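S.K.: So that you have it, the file is target32.csv, and it contains CSV, C-alpha atoms:
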chain,number,residue,atom,x,y,z
A,40,MET,CA,-1.0,129.7,153.2
A,41,LYS,CA,-0.1,132.9,151.4
A,42,PRO,CA,2.9,132.8,149.1
A,43,ASN,CA,6.1,134.4,150.5
A,44,HIS,CA,6.8,137.1,147.9
A,45,SER,CA,10.4,137.5,149.1
A,46,THR,CA,11.1,133.8,148.5
A,47,LEU,CA,9.6,134.0,145.0
A,48,ALA,CA,11.6,137.0,144.1
A,49,LEU,CA,14.9,135.3,145.2
A,50,ALA,CA,14.0,132.1,143.2
A,51,LEU,CA,13.2,134.1,140.1
A,52,SER,CA,16.5,136.0,140.4
A,53,SER,CA,18.4,132.8,140.8
A,54,CYS,CA,16.7,131.3,137.6
A,55,LEU,CA,17.6,134.3,135.6
A,56,LEU,CA,21.3,134.0,136.5
A,57,THR,CA,21.6,130.3,136.0
A,58,ALA,CA,19.2,127.7,134.3
A,59,CYS,CA,16.7,130.1,132.9
A,60,GLY,CA,19.2,131.9,130.6
A,61,SER,CA,22.9,132.3,130.0
A,62,THR,CA,24.6,135.6,130.5
A,63,SER,CA,27.8,134.5,128.7
A,64,ASP,CA,29.1,136.5,125.7
A,65,ASP,CA,28.5,134.7,122.4
A,66,SER,CA,31.9,135.8,121.3
A,67,LYS,CA,33.4,133.7,124.0
A,68,THR,CA,31.6,130.6,123.0
A,69,GLU,CA,34.1,128.0,121.9
A,70,LYS,CA,33.5,127.1,118.3
A,71,PRO,CA,34.0,123.6,117.0
A,72,LYS,CA,37.4,122.9,115.5
A,73,ASP,CA,37.6,122.5,111.8
A,74,ALA,CA,37.6,119.0,110.6
A,75,ALA,CA,41.1,117.8,109.5
A,76,ALA,CA,41.8,118.8,105.9
A,77,GLU,CA,41.3,116.1,103.4
A,78,PRO,CA,44.5,115.1,101.7
A,79,ALA,CA,44.7,116.3,98.1
A,80,ALA,CA,43.6,113.8,95.6
A,81,THR,CA,46.5,112.2,93.7
A,82,PRO,CA,46.0,112.2,90.0
A,83,PRO,CA,46.2,108.8,88.5
A,84,SER,CA,49.6,108.0,87.2
A,85,GLU,CA,50.2,107.3,83.5
A,86,PRO,CA,50.3,103.6,82.8
A,87,ALA,CA,53.8,102.3,82.2
A,88,PRO,CA,54.5,101.9,78.5
A,89,GLN,CA,54.0,98.3,77.4
A,90,PRO,CA,56.5,96.6,75.1
A,91,ASN,CA,55.3,96.1,71.6
A,92,PRO,CA,54.1,92.4,71.6
A,93,GLY,CA,56.1,90.4,69.1
A,94,TYR,CA,58.7,93.1,68.4
A,95,GLU,CA,62.1,91.9,67.2
A,96,GLY,CA,64.9,94.4,66.8
A,97,HIS,CA,66.9,92.4,64.2
A,98,LEU,CA,69.8,94.9,63.9
A,99,LEU,CA,70.2,95.5,67.6
A,100,THR,CA,70.1,91.7,68.3
A,101,ALA,CA,72.9,91.2,65.7
A,102,LEU,CA,75.0,93.9,67.3
A,103,GLY,CA,74.4,92.4,70.7
A,104,ASP,CA,75.5,88.9,69.4
A,105,LEU,CA,78.8,90.4,68.1
A,106,ALA,CA,79.4,92.4,71.3
A,107,ALA,CA,79.0,89.2,73.3
A,108,GLY,CA,81.7,87.5,71.2
A,109,GLY,CA,79.4,85.0,69.6
A,110,PRO,CA,78.1,84.5,66.0
A,111,VAL,CA,75.1,86.4,64.8
A,112,LYS,CA,72.2,84.0,65.2
A,113,ALA,CA,69.8,85.6,62.7
A,114,ALA,CA,72.2,86.7,59.9
A,115,GLU,CA,69.5,87.4,57.3
A,116,THR,CA,66.1,88.9,57.9
A,117,LYS,CA,63.4,90.4,55.7
A,118,PRO,CA,64.1,94.0,54.7
A,119,TYR,CA,61.3,96.5,54.3
A,120,GLY,CA,60.9,100.1,53.1
A,121,CYS,CA,61.0,102.1,49.9
A,122,SER,CA,62.8,100.6,47.0
A,123,VAL,CA,66.3,102.1,46.4
A,124,LYS,CA,66.1,104.7,43.7
A,125,TYR,CA,68.8,103.3,41.4
A,126,ALA,CA,69.8,104.8,38.1
A,127,ASP,CA,69.6,101.3,36.5
A,128,ALA,CA,69.3,97.6,37.2
A,129,GLY,CA,73.0,97.3,37.8
A,130,ALA,CA,75.2,94.3,38.3
A,131,GLU,CA,74.4,91.2,40.4
A,132,PRO,CA,75.3,91.5,44.1
A,133,THR,CA,78.6,90.1,45.2
A,134,ALA,CA,78.1,90.4,49.0
A,135,LYS,CA,77.5,87.1,50.8
A,136,ILE,CA,77.0,86.4,54.5
A,137,GLY,CA,80.2,85.0,56.1
A,138,GLU,CA,82.5,86.3,53.3
A,139,PRO,CA,84.6,89.5,53.1
A,140,ALA,CA,82.4,92.5,52.6
A,141,PRO,CA,82.8,94.2,49.2
A,142,ALA,CA,85.3,97.1,49.4
A,143,PHE,CA,84.2,100.6,48.5
A,144,SER,CA,85.2,104.3,48.7
A,145,LEU,CA,82.5,107.0,48.5
A,146,PRO,CA,82.3,110.7,49.0
A,147,ASN,CA,80.7,112.1,52.1
A,148,LEU,CA,78.6,115.3,52.1
A,149,GLU,CA,81.7,117.4,52.2
A,150,GLY,CA,83.2,115.6,49.2
A,151,GLU,CA,85.8,113.7,51.2
A,152,GLN,CA,86.4,110.1,50.3
A,153,VAL,CA,85.5,107.5,52.9
A,154,SER,CA,86.7,103.9,52.5
A,155,LEU,CA,85.5,100.8,54.2
A,156,ALA,CA,89.2,99.9,54.6
A,157,ASP,CA,89.5,102.9,56.9
A,158,PHE,CA,87.7,101.0,59.6
A,159,ALA,CA,89.5,97.7,59.6
A,160,GLY,CA,89.3,95.9,62.9
A,161,LYS,CA,86.0,97.6,63.8
A,162,THR,CA,82.3,96.6,63.6
A,163,VAL,CA,80.7,98.6,60.8
A,164,VAL,CA,77.0,99.2,60.2
A,165,LEU,CA,75.8,100.2,56.7
A,166,GLU,CA,72.4,101.8,56.5
A,167,TRP,CA,70.9,102.4,53.0
A,168,PHE,CA,69.3,105.8,53.3
A,169,ASN,CA,66.8,108.0,51.6
A,170,PRO,CA,65.6,111.0,53.7
A,171,ASP,CA,62.3,111.3,51.8
A,172,CYS,CA,61.3,107.7,52.2
A,173,PRO,CA,58.4,107.4,54.7
A,174,PHE,CA,60.0,104.4,56.4
A,175,VAL,CA,63.3,106.3,56.9
A,176,LYS,CA,61.5,109.4,58.1
A,177,TYR,CA,59.6,107.3,60.7
A,178,ALA,CA,62.7,105.4,61.8
A,179,HIS,CA,64.8,108.6,62.3
A,180,SER,CA,62.1,110.8,63.8
A,181,GLU,CA,60.3,108.6,66.2
A,182,GLY,CA,61.5,105.0,65.5
A,183,PRO,CA,64.6,103.0,66.5
A,184,LEU,CA,67.0,105.1,64.4
A,185,ALA,CA,66.2,108.3,66.3
A,186,SER,CA,69.1,107.6,68.6
A,187,LEU,CA,70.5,104.1,67.7
A,188,GLY,CA,73.2,105.3,65.3
A,189,ASN,CA,74.6,107.9,67.6
A,190,GLU,CA,74.5,105.5,70.6
A,191,GLN,CA,76.3,102.8,68.7
A,192,GLN,CA,79.0,105.2,67.5
A,193,GLN,CA,79.6,106.2,71.2
A,194,ALA,CA,80.0,102.5,71.9
A,195,GLY,CA,82.7,102.2,69.2
A,196,VAL,CA,80.7,100.9,66.3
A,197,VAL,CA,81.2,102.6,62.9
A,198,TRP,CA,77.9,103.7,61.3
A,199,LEU,CA,77.7,104.7,57.7
A,200,ALA,CA,74.6,105.8,55.8
A,201,ILE,CA,74.7,105.3,52.1
A,202,ASN,CA,72.3,107.0,49.6
A,203,SER,CA,72.3,105.1,46.3
A,204,GLY,CA,69.6,107.3,44.7
A,205,ALA,CA,70.3,108.5,41.2
A,206,ALA,CA,70.4,112.3,40.5
A,207,GLY,CA,66.9,113.7,40.4
A,208,LYS,CA,65.4,110.8,42.2
A,209,GLN,CA,63.5,110.9,45.6
A,210,GLY,CA,65.8,111.9,48.4
A,211,ALA,CA,68.9,112.2,46.3
A,212,GLY,CA,71.5,115.0,46.2
A,213,VAL,CA,74.0,116.4,48.6
A,214,GLU,CA,71.9,119.4,49.8
A,215,ARG,CA,68.8,117.3,50.6
A,216,ASN,CA,71.0,114.9,52.6
A,217,LYS,CA,72.7,117.8,54.5
A,218,GLN,CA,69.3,119.0,55.5
A,219,ALA,CA,68.3,115.6,56.8
A,220,LYS,CA,71.6,115.1,58.7
A,221,ALA,CA,71.0,118.4,60.5
A,222,GLU,CA,67.3,117.8,61.1
A,223,TRP,CA,67.9,114.4,62.7
A,224,ASN,CA,71.1,115.3,64.4
A,225,LEU,CA,73.1,112.5,62.8
A,226,ALA,CA,76.6,112.2,64.0
A,227,HIS,CA,77.6,109.6,61.4
A,228,PRO,CA,78.5,110.2,57.7
A,229,ILE,CA,76.1,110.0,54.8
A,230,LEU,CA,77.9,108.7,51.7
A,231,ILE,CA,76.7,109.4,48.2
A,232,ASP,CA,76.6,106.5,45.8
A,233,GLU,CA,74.9,108.2,42.9
A,234,ASP,CA,75.7,105.6,40.3
A,235,GLY,CA,74.5,102.8,42.6
A,236,ALA,CA,77.5,100.6,42.2
A,237,VAL,CA,78.0,100.0,45.9
A,238,GLY,CA,74.3,99.5,46.6
A,239,HIS,CA,74.2,96.9,43.8
A,240,SER,CA,77.3,95.1,45.1
A,241,TYR,CA,75.6,94.7,48.5
A,242,GLY,CA,72.2,93.9,47.0
A,243,ALA,CA,70.6,96.8,48.9
A,244,LYS,CA,66.9,96.7,48.0
A,245,THR,CA,65.2,99.1,50.3
A,246,THR,CA,65.6,102.1,52.6
A,247,PRO,CA,66.4,101.3,55.2
A,248,HIS,CA,68.3,98.1,54.4
A,249,MET,CA,70.9,97.2,57.1
A,250,PHE,CA,74.2,95.4,56.8
A,251,VAL,CA,76.8,94.6,59.5
A,252,ILE,CA,80.4,93.9,59.0
A,253,ASN,CA,82.4,92.3,61.8
A,254,PRO,CA,85.9,93.4,62.9
A,255,GLU,CA,87.4,90.7,60.6
A,256,GLY,CA,85.8,92.4,57.6
A,257,LYS,CA,83.2,89.8,57.0
A,258,LEU,CA,79.5,90.4,56.3
A,259,VAL,CA,77.6,88.9,59.2
A,260,PHE,CA,74.1,90.5,58.9
A,261,ALA,CA,71.9,91.7,56.1
A,262,GLY,CA,68.2,92.6,56.5
A,263,GLY,CA,65.6,94.7,58.1
A,264,LEU,CA,66.1,97.0,61.0
A,265,ASP,CA,63.4,95.2,62.8
A,266,ASN,CA,60.0,93.5,62.2
A,267,ALA,CA,57.9,96.6,62.7
A,268,PRO,CA,57.6,98.8,59.6
A,269,LEU,CA,56.3,102.2,60.7
A,270,GLY,CA,56.2,100.9,64.2
A,271,ARG,CA,53.7,98.1,63.5
A,272,VAL,CA,54.8,94.5,64.0
A,273,ASP,CA,54.7,92.7,60.7
Turn this file's structure into structure tokens for me.
M.R.:
Amino acid sequence: MKPNHSTLALALSSCLLTACGSTSDDSKTEKPKDAAAEPAATPPSEPAPQPNPGYEGHLLTALGDLAAGGPVKAAETKPYGCSVKYADAGAEPTAKIGEPAPAFSLPNLEGEQVSLADFAGKTVVLEWFNPDCPFVKYAHSEGPLASLGNEQQQAGVVWLAINSGAAGKQGAGVERNKQAKAEWNLAHPILIDEDGAVGHSYGAKTTPHMFVINPEGKLVFAGGLDNAPLGRVD
């Protein structure tokens, strides 16, 4: 049988329009949807600061004991720091834990007299001070005293820094102490004990050396700020 040319032509035409090829416009071809955007990676958070193992804040603990109405449990702790730059060996200390604190009156940086008796009925902190001692610099710039004095004053505690350095010694003199007071934003007075009489009466050995007097006027704490000279637990 001879092939029917008309039938072949029709089949070929049908193939061209359907299975043999597409006549659709590429621009109309649906493109695959973009994959869902990946969430932005969250940077790892900084680890929470860990407490200094073995750290003991002796002064702060003593103040807490007083505020709670109880006795100071650790009344004497080991002081550390630079030796106080006294003019001479001086007299023997008279201050004793549990007894009335030695009275004194000293000039502040403006030359005004400040007396311990002015603060009767209040808790008083005495901080032996030398702005050029490395231990004092650390404590006031990045250590516990960077804010502690101002915070305690706001809580009603009287804070007095005392510089018993003799004239010409490290950290002594009104002008140097004015600079330090401004640099460290100290709200409390700095008292000048140039002849060292007050320092000797309390037995202040180092800077910083801390003393606490309770509202009854008795000495209830004497010792180190904490157990971490320069931030390292001793």
S.K.: Which is closer to A:Leu264 than all the others in A:Ala106, A:Phe250, A:Ala236, A:Leu155, using only C-alpha atoms?
M.R.: A:Phe250
S.K.: Using only C-alpha atoms, which of the listed residues (A:Val111, A:Val153, A:Cys121, A:Ala211) sits closest to A:Leu230?
M.R.: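 Once distances to A:Leu230 are computed over only C-alpha atoms, the minimum belongs to A:Val153.
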S.K.: List as an MDAnalysis selection string the protein and nucleic acid residues near A:Thr116, meaning an atom at most 9 Å away when all atoms listed in the file are counted, but skip any in the same chain fewer than 5 places from it.
M.R.: chainID A and resid 97 260:266
S.K.: Tell me, in Å to one decimal, how far atom CA of A:Ala178 is from atom CA of A:Lys161.
M.R.: 24.7 Å
S.K.: Between atom CA of A:Pro146 and atom CA of A:Gln193, what distance in Å does the model show, to one decimal?
M.R.: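 It comes out at 22.8 Å.
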S.K.: Using all atoms listed in the file, which protein or nucleic acid residues come within 10 Å of A:Leu258? Drop anything in the same chain fewer than 6 positions from it, and give the result as a PyMOL selection string.
M.R.: chain A and resi 114+134-141+162-164+241+250-252
S.K.: Atom CA of A:Glu190 to atom CA of A:Gly242: how many Å, to one decimal?
M.R.: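 Taking atom CA of A:Glu190 and atom CA of A:Gly242, their separation equals 26.4 Å.
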S.K.: With distances taken over all atoms listed in the file, which residue among A:Glu131, A:Lys117, A:Ala200, A:Gly109 lies nearest A:Pro170?
M.R.: A:Ala200
S.K.: Taking 6 positions as the minimum chain separation for residues in the same chain, which residues sit within 8 Å of A:Trp223 when counting all atoms listed in the file? Answer as a PyMOL selection string.
M.R.: chain A and resi 179-180+185
S.K.: Give me the residues near A:Leu269 as a ChimeraX atom specification, where near means some atom within 10 Å (using all atoms listed in the file) and where sequence neighbours in that chain fewer than 3 positions away do not count.
M.R.: /A:119-120,173-178,181-182,266,272-273
S.K.: Between A:Val259, A:Ile231, A:Val237, A:Ala219, which one has atoms that come closest to A:Glu151, using only C-alpha atoms?
M.R.: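 Selected residue with least distance to A:Glu151: A:Ile231.
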S.K.: A:Lys124, A:His227, A:Lys257, A:Lys112: which is nearest A:Gly210, counting only C-alpha atoms?
M.R.: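 The closest residue to A:Gly210 is A:Lys124.
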S.K.: Considering all atoms listed in the file, return as a PDB file with C-alpha atoms, keeping the file's coordinate frame whatever protein or nucleic-acid residues lie within 8 Å of A:Pro228, sequence-local ones (same chain, fewer than 2 positions apart) excluded.
M.R.:
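Final output, out37.pdb:
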ATOM      1  CA  ASN A 147      80.700 112.100  52.100  1.00  0.00           C
ATOM      2  CA  LEU A 148      78.600 115.300  52.100  1.00  0.00           C
ATOM      3  CA  TRP A 198      77.900 103.700  61.300  1.00  0.00           C
ATOM      4  CA  LEU A 199      77.700 104.700  57.700  1.00  0.00           C
ATOM      5  CA  ALA A 200      74.600 105.800  55.800  1.00  0.00           C
ATOM      6  CA  LEU A 225      73.100 112.500  62.800  1.00  0.00           C
ATOM      7  CA  ALA A 226      76.600 112.200  64.000  1.00  0.00           C
ATOM      8  CA  LEU A 230      77.900 108.700  51.700  1.00  0.00           C
TER       9      LEU A 230
END
S.K.: Output as a CSV table (one decimal), in the frame of the given file: stretch 228-261 of chain A, completed with N, CA and C atoms.
M.R.:
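Final output, saved to rebuild.csv:
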chain,number,residue,atom,x,y,z
A,228,PRO,N,78.5,109.7,59.1
A,228,PRO,CA,78.5,110.2,57.7
A,228,PRO,C,77.4,109.7,56.9
A,229,ILE,N,77.0,110.5,55.9
A,229,ILE,CA,76.1,110.0,54.8
A,229,ILE,C,77.0,110.0,53.6
A,230,LEU,N,77.1,108.9,52.9
A,230,LEU,CA,77.9,108.7,51.7
A,230,LEU,C,77.0,108.7,50.5
A,231,ILE,N,77.5,109.3,49.4
A,231,ILE,CA,76.7,109.4,48.2
A,231,ILE,C,77.2,108.4,47.2
A,232,ASP,N,76.3,107.5,46.8
A,232,ASP,CA,76.6,106.5,45.8
A,232,ASP,C,75.7,106.7,44.6
A,233,GLU,N,75.9,107.8,43.9
A,233,GLU,CA,74.9,108.2,42.9
A,233,GLU,C,74.8,107.2,41.7
A,234,ASP,N,75.9,106.5,41.4
A,234,ASP,CA,75.7,105.6,40.3
A,234,ASP,C,75.2,104.2,40.7
A,235,GLY,N,75.1,104.1,42.0
A,235,GLY,CA,74.5,102.8,42.6
A,235,GLY,C,75.4,101.6,42.6
A,236,ALA,N,76.7,101.8,42.3
A,236,ALA,CA,77.5,100.6,42.2
A,236,ALA,C,77.7,99.9,43.5
A,237,VAL,N,77.8,100.7,44.6
A,237,VAL,CA,78.0,100.0,45.9
A,237,VAL,C,76.7,99.4,46.4
A,238,GLY,N,75.6,100.1,46.2
A,238,GLY,CA,74.3,99.5,46.6
A,238,GLY,C,74.1,98.2,45.8
A,239,HIS,N,74.4,98.1,44.5
A,239,HIS,CA,74.2,96.9,43.8
A,239,HIS,C,75.1,95.8,44.3
A,240,SER,N,76.3,96.1,44.6
A,240,SER,CA,77.3,95.1,45.1
A,240,SER,C,76.8,94.5,46.4
A,241,TYR,N,76.1,95.2,47.2
A,241,TYR,CA,75.6,94.7,48.5
A,241,TYR,C,74.2,94.1,48.3
A,242,GLY,N,73.6,94.3,47.2
A,242,GLY,CA,72.2,93.9,47.0
A,242,GLY,C,71.2,94.6,47.9
A,243,ALA,N,71.5,95.9,48.1
A,243,ALA,CA,70.6,96.8,48.9
A,243,ALA,C,69.3,97.0,48.1
A,244,LYS,N,68.2,96.6,48.7
A,244,LYS,CA,66.9,96.7,48.0
A,244,LYS,C,66.0,97.8,48.5
A,245,THR,N,66.1,98.1,49.7
A,245,THR,CA,65.2,99.1,50.3
A,245,THR,C,65.9,100.1,51.2
A,246,THR,N,65.1,101.1,51.6
A,246,THR,CA,65.6,102.1,52.6
A,246,THR,C,64.6,102.1,53.7
A,247,PRO,N,65.0,101.7,54.9
A,247,PRO,CA,66.4,101.3,55.2
A,247,PRO,C,66.6,99.8,55.0
A,248,HIS,N,67.8,99.5,54.5
A,248,HIS,CA,68.3,98.1,54.4
A,248,HIS,C,69.6,98.1,55.2
A,249,MET,N,69.8,97.2,56.2
A,249,MET,CA,70.9,97.2,57.1
A,249,MET,C,71.8,96.1,56.8
A,250,PHE,N,73.1,96.4,57.0
A,250,PHE,CA,74.2,95.4,56.8
A,250,PHE,C,75.2,95.6,58.0
A,251,VAL,N,75.7,94.5,58.5
A,251,VAL,CA,76.8,94.6,59.5
A,251,VAL,C,78.0,93.8,59.1
A,252,ILE,N,79.1,94.5,59.3
A,252,ILE,CA,80.4,93.9,59.0
A,252,ILE,C,81.2,93.7,60.3
A,253,ASN,N,81.7,92.5,60.5
A,253,ASN,CA,82.4,92.3,61.8
A,253,ASN,C,83.9,92.8,61.8
A,254,PRO,N,84.6,92.8,62.9
A,254,PRO,CA,85.9,93.4,62.9
A,254,PRO,C,86.9,92.6,62.0
A,255,GLU,N,86.6,91.4,61.6
A,255,GLU,CA,87.4,90.7,60.6
A,255,GLU,C,87.1,91.1,59.2
A,256,GLY,N,86.2,92.0,59.0
A,256,GLY,CA,85.8,92.4,57.6
A,256,GLY,C,84.8,91.6,56.9
A,257,LYS,N,84.2,90.6,57.6
A,257,LYS,CA,83.2,89.8,57.0
A,257,LYS,C,81.8,90.3,57.2
A,258,LEU,N,80.9,90.1,56.2
A,258,LEU,CA,79.5,90.4,56.3
A,258,LEU,C,78.8,89.4,57.2
A,259,VAL,N,78.2,89.9,58.3
A,259,VAL,CA,77.6,88.9,59.2
A,259,VAL,C,76.1,89.1,59.4
A,260,PHE,N,75.6,90.2,58.8
A,260,PHE,CA,74.1,90.5,58.9
A,260,PHE,C,73.7,91.3,57.7
A,261,ALA,N,72.5,90.9,57.2
A,261,ALA,CA,71.9,91.7,56.1
A,261,ALA,C,70.4,91.5,56.3
